[in-house]
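Structure data (compact mmCIF, C-alpha atoms) from final07.txt:
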```txt
# COMPACT_ATOMS: atom_id res chain seq x y z
CA MET O 1 -8.12 -15.88 -19.29
CA LEU O 2 -7.87 -16.47 -15.55
CA SER O 3 -7.06 -13.41 -13.46
CA LEU O 4 -3.83 -13.37 -11.50
CA ARG O 5 -4.28 -14.84 -8.02
CA ILE O 6 -2.27 -13.15 -5.27
CA VAL O 7 -2.14 -14.12 -1.60
CA VAL O 8 -0.57 -11.90 1.05
CA VAL O 9 0.16 -13.54 4.41
CA GLY O 10 0.22 -11.08 7.31
CA GLY O 11 -2.25 -8.30 8.06
CA GLY O 12 0.19 -5.76 9.42
CA ALA O 13 1.54 -2.55 7.88
CA ALA O 14 3.58 -4.32 5.17
CA GLY O 15 0.83 -6.80 4.34
CA PHE O 16 -1.84 -4.17 3.84
CA PHE O 17 0.44 -1.80 1.94
CA GLY O 18 1.66 -4.58 -0.34
CA ALA O 19 -1.85 -5.87 -1.03
CA ILE O 20 -3.11 -2.36 -1.85
CA ALA O 21 -0.13 -1.64 -4.15
CA CYS O 22 -0.72 -4.95 -5.93
CA ALA O 23 -4.44 -4.35 -6.45
CA LYS O 24 -3.74 -0.86 -7.79
CA ALA O 25 -1.03 -2.14 -10.17
CA ASN O 26 -3.36 -4.84 -11.46
CA PRO O 27 -7.07 -4.11 -10.89
CA HIS O 28 -7.96 -7.46 -12.50
CA ALA O 29 -5.91 -9.51 -10.04
CA HIS O 30 -7.67 -11.30 -7.21
CA VAL O 31 -5.83 -10.28 -4.04
CA THR O 32 -6.46 -12.13 -0.77
CA LEU O 33 -5.00 -10.84 2.51
CA LEU O 34 -4.75 -13.40 5.33
CA GLU O 35 -4.33 -12.37 8.97
CA ALA O 36 -3.96 -15.04 11.66
CA SER O 37 -5.56 -12.95 14.42
CA ARG O 38 -8.95 -11.28 14.58
CA HIS O 39 -7.29 -7.87 14.84
CA PRO O 40 -5.45 -6.53 11.77
CA LEU O 41 -2.79 -3.82 12.07
CA ALA O 42 -2.44 -4.40 15.82
CA LYS O 43 1.14 -3.16 15.91
CA VAL O 44 0.22 -0.03 13.97
CA LEU O 45 -2.48 0.69 16.55
CA ILE O 46 -0.10 0.66 19.54
CA SER O 47 2.92 2.20 17.83
CA GLY O 48 4.22 5.60 18.83
CA GLY O 49 2.29 5.51 22.09
CA GLY O 50 -0.96 5.15 20.17
CA ARG O 51 -0.12 7.97 17.76
CA CYS O 52 1.68 5.92 15.05
CA ASN O 53 5.07 7.26 14.00
CA VAL O 54 4.35 6.74 10.27
CA THR O 55 7.76 7.77 8.92
CA HIS O 56 10.61 10.25 9.37
CA ALA O 57 11.15 13.59 7.64
CA CYS O 58 14.30 12.43 5.88
CA PHE O 59 13.81 12.71 2.12
CA GLU O 60 17.21 11.75 0.72
CA ALA O 61 17.87 8.05 0.18
CA ASP O 62 21.56 8.20 1.11
CA ARG O 63 20.74 9.90 4.42
CA LEU O 64 17.72 7.72 5.12
CA VAL O 65 19.73 4.47 4.94
CA GLN O 66 22.08 5.67 7.67
CA ASN O 67 19.33 4.95 10.19
CA TYR O 68 19.32 1.19 9.59
CA PRO O 69 21.81 -0.90 11.60
CA ARG O 70 20.92 -3.79 9.28
CA GLY O 71 19.59 -3.46 5.74
CA GLY O 72 20.72 0.06 4.84
CA LYS O 73 22.84 -1.02 1.88
CA ALA O 74 20.03 -3.13 0.40
CA LEU O 75 17.49 -0.34 0.92
CA LEU O 76 19.50 2.36 -0.89
CA GLY O 77 18.14 1.51 -4.33
CA ALA O 78 14.68 0.75 -2.92
CA PHE O 79 14.48 4.22 -1.36
CA THR O 80 15.15 5.84 -4.72
CA ARG O 81 11.88 4.27 -5.89
CA PHE O 82 9.73 4.80 -2.80
CA GLN O 83 10.82 6.76 0.26
CA ALA O 84 9.44 8.91 3.07
CA GLN O 85 8.19 11.69 0.76
CA ASP O 86 6.22 9.11 -1.22
CA THR O 87 4.71 7.76 2.01
CA VAL O 88 3.57 11.25 2.98
CA ALA O 89 2.02 11.75 -0.48
CA TRP O 90 0.36 8.29 -0.42
CA PHE O 91 -1.49 9.03 2.79
CA ALA O 92 -2.27 12.62 1.78
CA THR O 93 -4.07 11.47 -1.39
CA ARG O 94 -6.26 9.35 0.89
CA GLY O 95 -7.11 12.27 3.17
CA VAL O 96 -4.58 11.55 5.92
CA HIS O 97 -2.13 14.39 6.47
CA LEU O 98 1.04 14.01 8.51
CA LYS O 99 2.86 16.53 10.69
CA THR O 100 6.57 16.70 11.48
CA GLU O 101 7.77 17.05 15.06
CA ALA O 102 10.99 18.77 16.13
CA ASP O 103 13.00 15.53 16.06
CA GLY O 104 11.83 14.63 12.55
CA ARG O 105 9.24 12.02 13.49
CA MET O 106 6.04 12.21 11.47
CA PHE O 107 2.58 11.49 12.87
CA PRO O 108 -0.97 11.88 11.60
CA ILE O 109 -2.27 15.36 12.48
CA THR O 110 -5.01 13.61 14.48
CA ASN O 111 -2.35 12.24 16.84
CA ASN O 112 -4.27 8.97 16.68
CA SER O 113 -3.02 5.71 15.17
CA GLU O 114 -6.61 4.69 14.42
CA THR O 115 -6.47 7.26 11.59
CA ILE O 116 -3.77 5.18 9.87
CA VAL O 117 -5.50 1.86 10.59
CA GLU O 118 -8.83 3.11 9.19
CA CYS O 119 -7.09 4.54 6.12
CA LEU O 120 -5.40 1.23 5.28
CA ILE O 121 -8.55 -0.84 5.86
CA LYS O 122 -10.61 1.54 3.73
CA ALA O 123 -7.99 1.58 0.94
CA ALA O 124 -7.91 -2.24 0.94
CA ALA O 125 -11.71 -2.44 0.73
CA THR O 126 -11.82 0.17 -2.06
CA ALA O 127 -9.21 -1.82 -3.99
CA GLY O 128 -11.40 -4.93 -3.78
CA ILE O 129 -9.00 -6.92 -1.60
CA GLU O 130 -10.49 -9.96 0.12
CA LEU O 131 -9.54 -9.59 3.79
CA ARG O 132 -9.75 -12.78 5.84
CA LEU O 133 -9.21 -12.44 9.60
CA GLY O 134 -8.65 -15.29 12.04
CA THR O 135 -7.07 -17.28 9.22
CA PRO O 136 -3.69 -18.71 10.21
CA VAL O 137 -1.62 -20.57 7.60
CA SER O 138 -0.29 -24.02 8.51
CA SER O 139 1.95 -24.69 5.53
CA VAL O 140 2.79 -23.60 1.99
CA LYS O 141 3.83 -25.87 -0.89
CA GLN O 142 4.69 -25.27 -4.52
CA PRO O 143 3.09 -28.10 -6.52
CA ALA O 144 4.04 -26.53 -9.86
CA LYS O 145 6.12 -23.67 -11.24
CA ASN O 146 4.53 -20.26 -10.53
CA GLN O 147 1.91 -21.85 -8.31
CA PHE O 148 1.59 -21.99 -4.55
CA GLU O 149 -0.74 -24.03 -2.37
CA LEU O 150 -1.51 -22.75 1.13
CA VAL O 151 -3.00 -25.07 3.72
CA LEU O 152 -4.92 -23.09 6.34
CA LYS O 153 -5.24 -24.19 9.95
CA SER O 154 -8.92 -24.86 9.26
CA GLY O 155 -7.89 -27.44 6.67
CA GLU O 156 -8.94 -25.30 3.72
CA THR O 157 -6.57 -25.05 0.76
CA LEU O 158 -5.87 -21.87 -1.22
CA LYS O 159 -4.00 -21.69 -4.51
CA CYS O 160 -2.27 -18.65 -5.92
CA ASP O 161 0.19 -17.56 -8.60
CA ARG O 162 2.19 -15.21 -6.40
CA LEU O 163 2.72 -15.11 -2.67
CA LEU O 164 3.85 -12.28 -0.40
CA LEU O 165 5.11 -13.13 3.07
CA ALA O 166 4.65 -10.11 5.33
CA THR O 167 4.47 -11.97 8.61
CA GLY O 168 6.70 -9.70 10.68
CA ASN O 169 9.00 -11.44 13.13
CA SER O 170 6.71 -14.45 13.57
CA LEU O 171 8.25 -17.91 13.68
CA GLY O 172 5.56 -19.12 11.28
CA GLY O 173 6.77 -16.79 8.54
CA TYR O 174 10.39 -17.75 9.11
CA LYS O 175 9.44 -21.44 8.94
CA ILE O 176 7.73 -21.03 5.55
CA ALA O 177 10.71 -19.08 4.18
CA GLN O 178 13.11 -21.77 5.43
CA GLU O 179 11.06 -24.53 3.83
CA PHE O 180 11.57 -22.74 0.50
CA GLY O 181 15.32 -22.80 1.06
CA HIS O 182 15.84 -19.34 2.55
CA HIS O 183 18.39 -18.73 5.28
CA ILE O 184 17.12 -16.92 8.39
CA GLU O 185 19.52 -14.66 10.24
CA PRO O 186 18.78 -15.51 13.92
CA PRO O 187 16.27 -12.98 15.30
CA VAL O 188 17.39 -11.10 18.43
CA PRO O 189 15.88 -8.05 20.14
CA SER O 190 16.72 -4.53 19.01
CA LEU O 191 15.59 -1.15 20.42
CA PHE O 192 15.64 -1.72 24.16
CA THR O 193 16.67 0.05 27.35
CA PHE O 194 19.50 -0.91 29.72
CA ASN O 195 19.02 -2.40 33.18
CA ILE O 196 21.58 -1.11 35.69
CA VAL O 197 21.50 -2.30 39.30
CA ASP O 198 22.34 0.83 41.28
CA GLU O 199 19.79 2.07 43.77
CA LYS O 200 21.37 5.53 44.03
CA LEU O 201 21.23 5.92 40.25
CA ARG O 202 17.63 4.69 40.07
CA ALA O 203 16.71 7.29 42.70
CA LEU O 204 17.44 9.86 39.97
CA ALA O 205 14.63 8.48 37.75
CA GLY O 206 13.36 11.28 35.52
CA VAL O 207 16.68 13.14 35.27
CA SER O 208 17.76 13.65 31.66
CA VAL O 209 20.97 14.91 30.07
CA ASP O 210 21.34 16.06 26.47
CA PRO O 211 23.74 15.24 24.99
CA VAL O 212 25.83 12.45 26.45
CA GLN O 213 28.26 10.18 24.63
CA LEU O 214 27.76 6.44 25.19
CA ARG O 215 30.17 3.65 24.33
CA LEU O 216 29.79 -0.09 24.77
CA SER O 217 32.78 -1.92 26.18
CA ILE O 218 32.77 -5.55 25.01
CA ASP O 219 35.48 -7.84 26.38
CA GLY O 220 37.24 -4.79 27.78
CA LYS O 221 37.41 -3.01 24.43
CA PRO O 222 35.26 0.04 23.62
CA GLN O 223 32.93 -0.77 20.71
CA LEU O 224 30.07 1.19 19.17
CA GLU O 225 29.25 4.74 20.11
CA GLN O 226 26.20 7.00 20.16
CA THR O 227 25.68 10.61 21.21
CA GLY O 228 22.32 12.08 22.18
CA PRO O 229 19.78 12.48 24.98
CA LEU O 230 19.83 10.06 27.93
CA LEU O 231 17.07 9.50 30.48
CA ILE O 232 17.68 7.89 33.86
CA THR O 233 14.84 5.52 34.80
CA HIS O 234 13.80 3.44 37.80
CA TRP O 235 15.38 0.38 36.12
CA GLY O 236 18.50 1.99 34.64
CA MET O 237 18.85 4.06 31.48
CA SER O 238 16.75 4.93 28.44
CA GLY O 239 16.40 7.78 25.96
CA PRO O 240 17.29 8.11 22.26
CA ALA O 241 21.03 7.58 22.75
CA VAL O 242 20.45 4.30 24.59
CA LEU O 243 17.87 3.04 22.09
CA LYS O 244 20.15 3.81 19.14
CA LEU O 245 23.07 2.10 20.85
CA SER O 246 20.92 -0.96 21.56
CA ALA O 247 19.95 -1.15 17.88
CA TRP O 248 23.49 -0.88 16.54
CA GLY O 249 24.76 -3.21 19.26
CA ALA O 250 21.86 -5.69 19.13
CA ARG O 251 23.99 -8.67 18.15
CA VAL O 252 27.04 -8.01 20.35
CA LEU O 253 24.78 -7.30 23.34
CA HIS O 254 22.86 -10.52 22.71
CA ASP O 255 26.12 -12.48 22.43
CA SER O 256 27.31 -11.00 25.74
CA HIS O 257 23.99 -12.02 27.38
CA TYR O 258 23.32 -8.31 28.07
CA GLN O 259 26.10 -8.30 30.68
CA THR O 260 28.65 -5.67 29.73
CA THR O 261 30.04 -2.22 30.53
CA LEU O 262 28.61 1.10 29.40
CA LEU O 263 31.04 4.03 29.27
CA ILE O 264 29.41 7.46 29.71
CA ASN O 265 30.88 10.84 28.85
CA TRP O 266 28.50 13.28 30.55
CA LEU O 267 30.24 16.29 28.93
CA PRO O 268 30.89 15.29 25.28
CA HIS O 269 31.12 18.90 24.10
CA LEU O 270 34.32 19.34 26.16
CA GLN O 271 37.75 17.78 25.78
CA GLN O 272 39.01 15.91 28.83
CA GLU O 273 41.56 18.65 29.53
CA GLN O 274 38.82 21.28 29.34
CA VAL O 275 36.85 19.35 31.96
CA ARG O 276 39.98 19.18 34.12
CA GLN O 277 40.47 22.95 33.79
CA LYS O 278 36.88 23.64 34.80
CA ILE O 279 37.36 21.50 37.90
CA LEU O 280 40.61 23.32 38.73
CA ASP O 281 38.90 26.70 38.23
CA VAL O 282 36.06 25.88 40.61
CA LYS O 283 38.56 24.48 43.11
CA ALA O 284 40.53 27.73 43.00
CA GLU O 285 37.45 29.96 43.28
CA TRP O 286 35.39 27.98 45.80
CA GLY O 287 38.06 26.22 47.82
CA LYS O 288 36.25 26.58 51.12
CA ARG O 289 32.85 25.54 49.73
CA PRO O 290 31.38 22.00 49.71
CA ILE O 291 32.03 20.11 46.47
CA ALA O 292 28.46 18.82 46.53
CA LEU O 293 27.04 22.34 46.22
CA HIS O 294 29.49 23.90 43.73
CA ARG O 295 29.86 21.73 40.64
CA GLY O 296 31.56 23.93 38.05
CA VAL O 297 30.19 21.89 35.13
CA ASP O 298 26.82 22.03 33.40
CA LEU O 299 25.02 18.98 34.80
CA PRO O 300 21.78 18.53 36.78
CA HIS O 301 22.53 19.14 40.47
CA ARG O 302 21.20 15.75 41.63
CA LEU O 303 23.29 13.96 39.01
CA TRP O 304 26.42 15.84 40.11
CA GLN O 305 25.83 14.79 43.71
CA TYR O 306 25.44 11.17 42.59
CA ILE O 307 28.62 11.27 40.47
CA ILE O 308 30.82 12.53 43.32
CA THR O 309 29.53 9.80 45.65
CA ARG O 310 30.80 7.24 43.09
CA ILE O 311 34.35 8.31 43.93
CA ASP O 312 33.65 8.60 47.69
CA ILE O 313 33.39 12.37 47.94
CA THR O 314 31.02 13.20 50.80
CA ALA O 315 28.58 16.07 51.19
CA ASP O 316 30.97 17.72 53.68
CA ASP O 317 34.15 17.54 51.58
CA ARG O 318 35.52 20.94 50.51
CA TRP O 319 37.14 21.78 47.17
CA ALA O 320 40.39 22.82 48.88
CA GLU O 321 40.69 19.34 50.41
CA ILE O 322 40.47 17.39 47.14
CA SER O 323 43.75 15.66 46.21
CA ASN O 324 45.14 15.45 42.69
CA LYS O 325 44.38 11.73 42.70
CA LYS O 326 40.76 12.40 43.59
CA LEU O 327 40.58 15.20 41.00
CA ASN O 328 41.79 12.76 38.32
CA GLN O 329 39.13 10.27 39.44
CA LEU O 330 36.45 12.95 39.14
CA VAL O 331 37.54 13.95 35.62
CA ARG O 332 37.51 10.27 34.61
CA GLU O 333 34.07 9.77 36.17
CA LEU O 334 32.69 12.74 34.22
CA THR O 335 34.20 11.72 30.89
CA GLN O 336 34.34 7.92 30.96
CA GLY O 337 32.33 6.66 33.89
CA GLU O 338 31.74 2.91 33.89
CA TYR O 339 28.26 1.47 34.45
CA ALA O 340 27.50 -2.25 34.51
CA ILE O 341 24.65 -3.29 32.20
CA THR O 342 22.96 -6.30 33.81
CA GLY O 343 20.15 -6.89 31.34
CA LYS O 344 17.78 -5.32 28.86
CA GLY O 345 14.45 -3.63 29.36
CA VAL O 346 11.83 -2.98 26.70
CA PHE O 347 10.86 0.06 24.68
CA LYS O 348 7.20 0.76 25.45
CA GLU O 349 4.90 -1.80 23.82
CA GLU O 350 6.92 -1.93 20.62
CA PHE O 351 9.10 -4.91 19.89
CA VAL O 352 11.65 -4.73 17.11
CA THR O 353 14.02 -7.52 16.17
CA CYS O 354 17.08 -7.71 14.01
CA GLY O 355 17.29 -10.89 11.98
CA GLY O 356 15.09 -12.51 9.37
CA VAL O 357 15.36 -13.55 5.73
CA ASN O 358 18.91 -13.13 4.42
CA LEU O 359 18.91 -10.04 2.18
CA LYS O 360 21.25 -11.50 -0.44
CA GLU O 361 18.48 -13.97 -1.28
CA VAL O 362 16.03 -11.20 -2.23
CA ASN O 363 15.93 -8.98 -5.33
CA PHE O 364 15.45 -5.47 -3.90
CA LYS O 365 14.10 -4.10 -7.17
CA THR O 366 11.03 -6.31 -6.87
CA MET O 367 11.33 -7.92 -3.39
CA GLU O 368 11.06 -11.29 -5.13
CA SER O 369 12.94 -14.30 -3.82
CA ARG O 370 16.09 -15.09 -5.79
CA LEU O 371 15.48 -18.76 -4.95
CA VAL O 372 11.76 -19.17 -5.66
CA PRO O 373 10.08 -17.24 -8.51
CA GLY O 374 6.72 -15.83 -7.46
CA LEU O 375 7.61 -15.64 -3.75
CA TYR O 376 7.98 -12.13 -2.31
CA PHE O 377 8.93 -10.61 1.04
CA ALA O 378 8.13 -7.30 2.75
CA GLY O 379 8.51 -5.75 6.18
CA GLU O 380 10.03 -7.18 9.30
CA ILE O 381 10.34 -10.76 8.03
CA LEU O 382 13.48 -9.44 6.29
CA ASP O 383 16.77 -8.92 8.10
CA ILE O 384 16.16 -5.17 8.23
CA ASP O 385 15.70 -2.98 11.27
CA GLY O 386 15.92 0.72 11.89
CA ILE O 387 16.48 2.90 14.90
CA THR O 388 13.52 4.53 16.62
CA GLY O 389 11.83 7.43 14.82
CA GLY O 390 9.59 5.97 12.10
CA PHE O 391 12.33 4.16 10.18
CA ASN O 392 10.96 0.65 10.71
CA PHE O 393 7.59 1.67 9.30
CA GLN O 394 9.30 3.31 6.33
CA SER O 395 11.17 0.13 5.40
CA ALA O 396 7.84 -1.71 5.66
CA TRP O 397 6.05 0.77 3.35
CA THR O 398 8.91 0.73 0.84
CA THR O 399 9.45 -3.03 0.61
CA ALA O 400 5.69 -3.65 0.51
CA TYR O 401 5.13 -1.07 -2.21
CA LEU O 402 7.85 -2.58 -4.40
CA ALA O 403 6.61 -6.13 -3.78
CA GLY O 404 3.00 -5.20 -4.48
CA ASN O 405 3.81 -3.48 -7.77
CA ALA O 406 6.01 -6.36 -8.91
CA MET O 407 3.40 -8.97 -8.01
CA GLY O 408 0.70 -7.05 -9.81
CA SER O 409 2.69 -6.95 -13.05
CA SER O 410 1.06 -8.98 -15.78
CA GLU O 411 4.46 -10.19 -16.97
CA GLN O 412 5.26 -13.74 -15.92
```

What is this structure when it is put down as structure tokens?
Amino acid sequence: MLSLRIVVVGGGAAGFFGAIACAKANPHAHVTLLEASRHPLAKVLISGGGRCNVTHACFEADRLVQNYPRGGKALLGAFTRFQAQDTVAWFATRGVHLKTEADGRMFPITNNSETIVECLIKAAATAGIELRLGTPVSSVKQPAKNQFELVLKSGETLKCDRLLLATGNSLGGYKIAQEFGHHIEPPVPSLFTFNIVDEKLRALAGVSVDPVQLRLSIDGKPQLEQTGPLLITHWGMSGPAVLKLSAWGARVLHDSHYQTTLLINWLPHLQQEQVRQKILDVKAEWGKRPIALHRGVDLPHRLWQYIITRIDITADDRWAEISNKKLNQLVRELTQGEYAITGKGVFKEEFVTCGGVNLKEVNFKTMESRLVPGLYFAGEILDIDGITGGFNFQSAWTTAYLAGNAMGSSEQ
């Protein structure tokens, strides 16, 4: 009896994890892992600033899915079978222990992504997986039921019974999926910072405020909202609140060509009338003092000085001189200041996209295609993306684990 032949295309986190899960589920299967470049797990190596944010300390499926702008509903059942706690245990049994930081992100205790890379490569070798680097795939055909034929760029042909596409957001992976009849949701960037052309704002680079409330205004209507830390940068704005907003607003921001209005409430813990009262109190108490030096609200001093210049209050203006009209402008600037987004930046060296294989075309119990038996998907090739914090890796581990176990099953 011939052993089951499995080919995994893509030597990233999902590809390795899926191949390892498959080999463990079926030790008699012949598992081949193809990576187009000479460097496997390259994205793992640079992730988390070189520390690798493996997952997030969120161990309840219904809470975990809330961190996925796209794919959360499909992942709910998947996370009941393999979630963050299982990821932690998987690495621990292989001698790699993770630590949890204050914000819930989990990293190897070595603080070095090479620890994760070495673990995956060693686990693949131990499982007997044939790893082939520098082996790009040109095309895939299905000459017969339950059989695939891969043509490599070198001209070599490989045949297999089951095929896992774990090619990330590469056009090559999308092309293969499309040729098998799958619909690709157009890939657009997610997780990025905002460019804002304002030299006075950029001069505040390094100033952070936690929390702020951010809202996107699309076509003049407020849409999407996030609250959290914000960091002013030399190109505009970053920080967790901005990154989360960019993820949830990935499509509307793309459609608006990254030209829209950001509304900022610098004091989200206060009602607008409470902000107004604080301003009136400081006006009453410090009437003869310069507005620039006596702010009355809990904001960094440099930021306060910048905010008042936006409504033409000078360094010499006194509180007693401020008119009701100007006071209303100040309250509005503090609670719903308008900032013009002129483009998007990037988030470190990491590049996350929303878009990919339509999720309705995939069985999330097995990650098998609903259109083509024997074809499986895992990782970023799917229309799944999470916010920053280890969530994108977790969806890769989960989908790959489920795909690997299903592929390794001896049942046809």

Item to check | Pick from O:Asp103, O:Glu60, O:Asp385, O:Glu321, whichever lies nearest to Trp248 in chain O using all atoms listed in the file | outcome: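 With all atoms listed in the file as the atom set, the closest residue is O:Asp385.
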
Item to check | Test item: residues at most 7 Å from Phe192 in chain O, all atoms listed in the file, excluding those fewer than 6 positions along its chain, as number ranges by chain | outcome: O: 243, 246, 344-347

Filtering to C-alpha atoms, could you give me those residues as a PDB file, keeping the file's coordinate frame?
```
ATOM      1  CA  LEU O 243      17.870   3.040  22.090  1.00  0.00           C
ATOM      2  CA  SER O 246      20.920  -0.960  21.560  1.00  0.00           C
ATOM      3  CA  LYS O 344      17.780  -5.320  28.860  1.00  0.00           C
ATOM      4  CA  GLY O 345      14.450  -3.630  29.360  1.00  0.00           C
ATOM      5  CA  VAL O 346      11.830  -2.980  26.700  1.00  0.00           C
ATOM      6  CA  PHE O 347      10.860   0.060  24.680  1.00  0.00           C
TER       7      PHE O 347
END
```

Checklist entry - Which of these residues is nearest to Val209 in chain O, using all atoms listed in the file: O:Lys175, O:His301, O:Lys244, O:Lys153? => result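 The closest residue to Val209 in chain O is O:His301.
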
Next on the checklist: Here is a test: counting all atoms listed in the file, which residue of O:Asp298, O:Trp90, O:Val9, O:Lys73 is nearest to Ala21 in chain O?
Outcome noted: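 Using all atoms listed in the file, the shortest distance to Ala21 in chain O belongs to O:Trp90.
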
Next on the checklist: Could you check the closest approach to Leu171 in chain O for each of O:Gly104, O:Ala14, O:Ser138, O:Lys200 and tell me which residue wins, using only C-alpha atoms?
Outcome noted: O:Ser138

Checklist outcome for this item: From the list O:Lys122, O:Lys221, O:Lys43, O:His294, the nearest residue to Gly168 in chain O using only C-alpha atoms is O:Lys43

Next on the checklist: What's around Thr87 in chain O at 8 Å? Count all atoms listed in the file, leave out sequence neighbours fewer than 3 positions away in its own chain, and write the answer as a list in words.
Outcome noted: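 Close residues of Thr87 in chain O: Thr55, Phe82, Gln83, Ala84, Trp90, Phe91, Gln394 and Trp397 of chain O.
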
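In this structure, CA of Leu152 in chain O sits 18.3 Å away from CA of Gly12 in chain O.
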
Item to check | Best match for closeness to Asn195 in chain O among O:Ala247, O:Val362, O:Leu253, O:Met237, counting all atoms listed in the file | outcome: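 Using all atoms listed in the file, the shortest distance to Asn195 in chain O belongs to O:Met237.
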
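A straight line drawn from CA of Gly374 in chain O to CA of Val117 in chain O is 28.1 Å long.
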
Item to check | Computed interatomic separation between CA of Ala250 in chain O and CA of Gln85 in chain O (Å) | outcome: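 One can read the CA of Ala250 in chain O to CA of Gln85 in chain O distance as 28.7 Å.
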
Next on the checklist: Excluding Gln329 in chain O and its own-chain neighbours fewer than 4 positions away, which residues fall within 7 Å of it when counting only C-alpha atoms? Please give them as a list in words.
Outcome noted: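 My reading of the contact set: Ile311, Lys325 and Glu333 of chain O.
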
Item to check | Selection near range 272-277 of chain O, 10 Å with all atoms listed in the file, sequence-local residues under 4 positions removed, as a ChimeraX atom specification | outcome: /O:265,267-268,281-283,296-297,327-328,330-332,334-336

Would you mind listing what lies within 10 Å of Gly77 in chain O as an mmCIF file with C-alpha atoms, in the coordinates of the input, with all atoms listed in the file counted and same-chain residues fewer than 3 positions away left out?
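Final output, around34.cif:
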```cif
data_model
loop_
_atom_site.group_PDB
_atom_site.id
_atom_site.type_symbol
_atom_site.label_atom_id
_atom_site.label_comp_id
_atom_site.auth_asym_id
_atom_site.auth_seq_id
_atom_site.Cartn_x
_atom_site.Cartn_y
_atom_site.Cartn_z
ATOM 1 C CA ALA O 61 17.870 8.050 0.180
ATOM 2 C CA ASP O 62 21.560 8.200 1.110
ATOM 3 C CA VAL O 65 19.730 4.470 4.940
ATOM 4 C CA GLY O 72 20.720 0.060 4.840
ATOM 5 C CA LYS O 73 22.840 -1.020 1.880
ATOM 6 C CA ALA O 74 20.030 -3.130 0.400
ATOM 7 C CA THR O 80 15.150 5.840 -4.720
ATOM 8 C CA ARG O 81 11.880 4.270 -5.890
ATOM 9 C CA PHE O 82 9.730 4.800 -2.800
ATOM 10 C CA PHE O 364 15.450 -5.470 -3.900
ATOM 11 C CA LYS O 365 14.100 -4.100 -7.170
#
```

Next on the checklist: Which polymer residues, whether protein, DNA or RNA, lie within 12 Å of the coordinate (4.9, 1.1, -0.8) when you count all atoms listed in the file? List them as a ChimeraX atom specification, using the chain letters and numbers from the file.
Outcome noted: /O:13-22,24-25,78-91,120,366-367,378-379,393-406
